[in-house]
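Data block below; observations after.
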Amino acid sequence: MEPRQRPVYHVEISEKASQDLGALAGEALDALRDLLDGLADEALGAVHDALDALETDPRPAGARRRSAPDHYSLRVGLCRIHYAVDDKARLITIQRIILPRPRPS
């Protein structure tokens with residue numbers, strides 16, 4: 001395991017994104033666990049790892065620019081993270097953590 005780099009940006013999670021993360025960790029995690037047989041824990045870990053990594057690299061490979069200036073989307077497994085970067089304040093605001101919706105059968 002590589003030593004963690006010193007954070008350059010502060011990551012702030014909006015109330016809505018916090019609710020999304022709670023859903024991922026709660027009911028949605030249970031549904032994914034049943035559906036994917038244990039892969040949900042890995043997905044949640046990957047989301048947390050991606051959030052941590054944004055502290056040192058706010059625009060990682062794979063991040064896509066959204067329509068608003070300095071707004072990005074990052075796919076992490078099945079999830080998407082929407083966030084904004086304020087370079088002047090050295091702040092990243094996580095706006096949403098979006099889970100895929102199950103398709104009706």
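If you're wondering about the labels, chains in the structure tokens are A, B, ... by order shown, residues count from 1 in each chain, ligands from 1 in order shown.
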
Distance query Leu54 in chain A at most 8 Å, only C-alpha atoms, self and fewer than 4 positions along chain excluded, as a ChimeraX atom specification: /A:9,11,50,58-60,92

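Omitting Ile98 in chain A and its sequence neighbours fewer than 2 positions away, and counting only C-alpha atoms, the residues within 12 Å are Lys16, Ala17, Ser18, Gln19, Asp20, Leu21, Gly22, Ala23, Leu24, Ala28, Leu44, Val47, Ser73, Leu74, Arg75, Val76, Gly77, Leu78, Cys79, Arg80, Ile81, His82, Tyr83, Ile94, Gln95, Arg96, Pro100 and Arg101 of chain A.
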
Output file for the selection above: N, CA and C atoms, as a PDB file, in the first residue's frame:
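File written: selection.pdb
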```
ATOM      1  N   LYS A  16     -27.512  16.718   0.129  1.00  0.00           N
ATOM      2  CA  LYS A  16     -28.101  15.739  -0.787  1.00  0.00           C
ATOM      3  C   LYS A  16     -27.136  14.591  -1.063  1.00  0.00           C
ATOM      4  N   ALA A  17     -25.852  14.909  -1.285  1.00  0.00           N
ATOM      5  CA  ALA A  17     -24.865  13.858  -1.530  1.00  0.00           C
ATOM      6  C   ALA A  17     -24.702  12.986  -0.287  1.00  0.00           C
ATOM      7  N   SER A  18     -24.793  13.589   0.897  1.00  0.00           N
ATOM      8  CA  SER A  18     -24.722  12.826   2.137  1.00  0.00           C
ATOM      9  C   SER A  18     -25.894  11.854   2.233  1.00  0.00           C
ATOM     10  N   GLN A  19     -27.067  12.307   1.826  1.00  0.00           N
ATOM     11  CA  GLN A  19     -28.228  11.422   1.791  1.00  0.00           C
ATOM     12  C   GLN A  19     -28.015  10.292   0.789  1.00  0.00           C
ATOM     13  N   ASP A  20     -27.438  10.634  -0.371  1.00  0.00           N
ATOM     14  CA  ASP A  20     -27.151   9.622  -1.383  1.00  0.00           C
ATOM     15  C   ASP A  20     -26.184   8.573  -0.838  1.00  0.00           C
ATOM     16  N   LEU A  21     -25.146   9.042  -0.149  1.00  0.00           N
ATOM     17  CA  LEU A  21     -24.157   8.130   0.415  1.00  0.00           C
ATOM     18  C   LEU A  21     -24.803   7.253   1.485  1.00  0.00           C
ATOM     19  N   GLY A  22     -25.699   7.840   2.282  1.00  0.00           N
ATOM     20  CA  GLY A  22     -26.427   7.063   3.276  1.00  0.00           C
ATOM     21  C   GLY A  22     -27.280   5.990   2.634  1.00  0.00           C
ATOM     22  N   ALA A  23     -27.917   6.351   1.518  1.00  0.00           N
ATOM     23  CA  ALA A  23     -28.730   5.372   0.798  1.00  0.00           C
ATOM     24  C   ALA A  23     -27.862   4.250   0.259  1.00  0.00           C
ATOM     25  N   LEU A  24     -26.690   4.617  -0.241  1.00  0.00           N
ATOM     26  CA  LEU A  24     -25.761   3.617  -0.756  1.00  0.00           C
ATOM     27  C   LEU A  24     -25.341   2.677   0.357  1.00  0.00           C
ATOM     28  N   ALA A  28     -29.934   0.750  -0.245  1.00  0.00           N
ATOM     29  CA  ALA A  28     -29.396   0.409  -1.563  1.00  0.00           C
ATOM     30  C   ALA A  28     -28.277  -0.613  -1.443  1.00  0.00           C
ATOM     31  N   LEU A  44     -18.964   0.289  -2.355  1.00  0.00           N
ATOM     32  CA  LEU A  44     -18.940   1.346  -1.355  1.00  0.00           C
ATOM     33  C   LEU A  44     -17.501   1.735  -1.035  1.00  0.00           C
ATOM     34  N   VAL A  47     -16.150   3.885  -3.825  1.00  0.00           N
ATOM     35  CA  VAL A  47     -16.658   5.261  -3.761  1.00  0.00           C
ATOM     36  C   VAL A  47     -15.882   6.040  -2.706  1.00  0.00           C
ATOM     37  N   SER A  73     -18.140  14.887 -13.466  1.00  0.00           N
ATOM     38  CA  SER A  73     -18.786  13.622 -13.170  1.00  0.00           C
ATOM     39  C   SER A  73     -17.702  12.546 -13.235  1.00  0.00           C
ATOM     40  N   LEU A  74     -17.705  11.668 -12.245  1.00  0.00           N
ATOM     41  CA  LEU A  74     -16.708  10.596 -12.196  1.00  0.00           C
ATOM     42  C   LEU A  74     -17.441   9.285 -11.973  1.00  0.00           C
ATOM     43  N   ARG A  75     -17.235   8.338 -12.874  1.00  0.00           N
ATOM     44  CA  ARG A  75     -17.848   7.017 -12.726  1.00  0.00           C
ATOM     45  C   ARG A  75     -16.924   6.159 -11.869  1.00  0.00           C
ATOM     46  N   VAL A  76     -17.534   5.546 -10.850  1.00  0.00           N
ATOM     47  CA  VAL A  76     -16.812   4.640  -9.963  1.00  0.00           C
ATOM     48  C   VAL A  76     -17.633   3.353  -9.912  1.00  0.00           C
ATOM     49  N   GLY A  77     -17.193   2.352 -10.660  1.00  0.00           N
ATOM     50  CA  GLY A  77     -17.984   1.130 -10.751  1.00  0.00           C
ATOM     51  C   GLY A  77     -19.329   1.451 -11.367  1.00  0.00           C
ATOM     52  N   LEU A  78     -20.404   1.092 -10.656  1.00  0.00           N
ATOM     53  CA  LEU A  78     -21.755   1.349 -11.151  1.00  0.00           C
ATOM     54  C   LEU A  78     -22.272   2.723 -10.751  1.00  0.00           C
ATOM     55  N   CYS A  79     -21.556   3.429  -9.904  1.00  0.00           N
ATOM     56  CA  CYS A  79     -22.011   4.723  -9.376  1.00  0.00           C
ATOM     57  C   CYS A  79     -21.393   5.876 -10.164  1.00  0.00           C
ATOM     58  N   ARG A  80     -22.058   7.038 -10.068  1.00  0.00           N
ATOM     59  CA  ARG A  80     -21.505   8.273 -10.603  1.00  0.00           C
ATOM     60  C   ARG A  80     -21.431   9.286  -9.481  1.00  0.00           C
ATOM     61  N   ILE A  81     -20.327  10.007  -9.423  1.00  0.00           N
ATOM     62  CA  ILE A  81     -20.140  11.069  -8.445  1.00  0.00           C
ATOM     63  C   ILE A  81     -20.147  12.387  -9.206  1.00  0.00           C
ATOM     64  N   HIS A  82     -21.049  13.297  -8.853  1.00  0.00           N
ATOM     65  CA  HIS A  82     -21.086  14.643  -9.441  1.00  0.00           C
ATOM     66  C   HIS A  82     -20.492  15.592  -8.412  1.00  0.00           C
ATOM     67  N   TYR A  83     -19.558  16.429  -8.861  1.00  0.00           N
ATOM     68  CA  TYR A  83     -18.887  17.340  -7.930  1.00  0.00           C
ATOM     69  C   TYR A  83     -18.452  18.616  -8.629  1.00  0.00           C
ATOM     70  N   ILE A  94     -18.992  17.693  -3.196  1.00  0.00           N
ATOM     71  CA  ILE A  94     -19.662  16.524  -3.766  1.00  0.00           C
ATOM     72  C   ILE A  94     -21.146  16.844  -3.795  1.00  0.00           C
ATOM     73  N   GLN A  95     -21.720  16.852  -4.988  1.00  0.00           N
ATOM     74  CA  GLN A  95     -23.111  17.244  -5.142  1.00  0.00           C
ATOM     75  C   GLN A  95     -24.063  16.049  -5.115  1.00  0.00           C
ATOM     76  N   ARG A  96     -23.678  14.986  -5.763  1.00  0.00           N
ATOM     77  CA  ARG A  96     -24.525  13.794  -5.821  1.00  0.00           C
ATOM     78  C   ARG A  96     -23.646  12.561  -5.916  1.00  0.00           C
ATOM     79  N   PRO A 100     -27.181   3.314  -9.922  1.00  0.00           N
ATOM     80  CA  PRO A 100     -28.015   2.918 -11.053  1.00  0.00           C
ATOM     81  C   PRO A 100     -29.378   2.452 -10.544  1.00  0.00           C
ATOM     82  N   ARG A 101     -30.395   2.764 -11.265  1.00  0.00           N
ATOM     83  CA  ARG A 101     -31.748   2.335 -10.894  1.00  0.00           C
ATOM     84  C   ARG A 101     -31.975   0.918 -11.447  1.00  0.00           C
TER      85      ARG A 101
END
```

Distance of CA of Asp57 in chain A from CA of Pro7 in chain A, expressed in Å to one decimal place: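 Going from CA of Pro7 in chain A over to CA of Asp57 in chain A, I get 8.8 Å.
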
d(CA of Val85 in chain A, CA of His10 in chain A) in Å: 9.9 Å

Distance in Å - CA of Tyr72 in chain A versus CA of Pro3 in chain A: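 Taking CA of Tyr72 in chain A and CA of Pro3 in chain A, their separation equals 26.4 Å.
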
Excluding Arg4 in chain A and its own-chain neighbours fewer than 6 positions away, which residues fall within 12 Å of it when counting only C-alpha atoms? Please give them as a PDB file with C-alpha atoms, in the first residue's frame.
```pdb
ATOM      1  CA  ASP A  49     -11.504   5.618  -2.124  1.00  0.00           C
ATOM      2  CA  ASP A  52     -10.379  10.386  -0.721  1.00  0.00           C
ATOM      3  CA  ALA A  53      -8.396  10.549  -3.971  1.00  0.00           C
ATOM      4  CA  GLU A  55      -8.295  15.538  -2.181  1.00  0.00           C
ATOM      5  CA  THR A  56      -5.028  15.249  -4.094  1.00  0.00           C
TER       6      THR A  56
END
```

Which of chain A fall in helix (DSSP H, G or I), as a count of residues only: 37

Per-residue DSSP, chain A, filtered to strand (DSSP E), as a PyMOL selection string: chain A and resi 10-13+64-65+71-76+79-86+91-98

Export of the given selection (C-alpha atoms) as an mmCIF file, in the first residue's frame:
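Saved result, again.cif, follows:
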```
data_model
loop_
_atom_site.group_PDB
_atom_site.id
_atom_site.type_symbol
_atom_site.label_atom_id
_atom_site.label_comp_id
_atom_site.auth_asym_id
_atom_site.auth_seq_id
_atom_site.Cartn_x
_atom_site.Cartn_y
_atom_site.Cartn_z
ATOM 1 C CA HIS A 10 -10.752 19.985 1.018
ATOM 2 C CA VAL A 11 -13.699 17.765 0.073
ATOM 3 C CA GLU A 12 -17.101 18.990 1.254
ATOM 4 C CA ILE A 13 -20.184 16.798 0.881
ATOM 5 C CA ARG A 64 -15.834 14.198 -17.375
ATOM 6 C CA ARG A 65 -16.656 17.862 -17.487
ATOM 7 C CA HIS A 71 -18.460 20.745 -12.535
ATOM 8 C CA TYR A 72 -17.411 17.144 -13.125
ATOM 9 C CA SER A 73 -18.786 13.622 -13.170
ATOM 10 C CA LEU A 74 -16.708 10.596 -12.196
ATOM 11 C CA ARG A 75 -17.848 7.017 -12.726
ATOM 12 C CA VAL A 76 -16.812 4.640 -9.963
ATOM 13 C CA CYS A 79 -22.011 4.723 -9.376
ATOM 14 C CA ARG A 80 -21.505 8.273 -10.603
ATOM 15 C CA ILE A 81 -20.140 11.069 -8.445
ATOM 16 C CA HIS A 82 -21.086 14.643 -9.441
ATOM 17 C CA TYR A 83 -18.887 17.340 -7.930
ATOM 18 C CA ALA A 84 -17.725 20.924 -8.321
ATOM 19 C CA VAL A 85 -14.156 22.218 -8.022
ATOM 20 C CA ASP A 86 -13.340 25.667 -6.641
ATOM 21 C CA LEU A 91 -12.599 23.119 -2.256
ATOM 22 C CA ILE A 92 -14.394 20.175 -3.836
ATOM 23 C CA THR A 93 -18.133 19.943 -3.204
ATOM 24 C CA ILE A 94 -19.662 16.524 -3.766
ATOM 25 C CA GLN A 95 -23.111 17.244 -5.142
ATOM 26 C CA ARG A 96 -24.525 13.794 -5.821
ATOM 27 C CA ILE A 97 -23.592 10.134 -5.588
ATOM 28 C CA ILE A 98 -25.881 8.391 -8.028
#
```
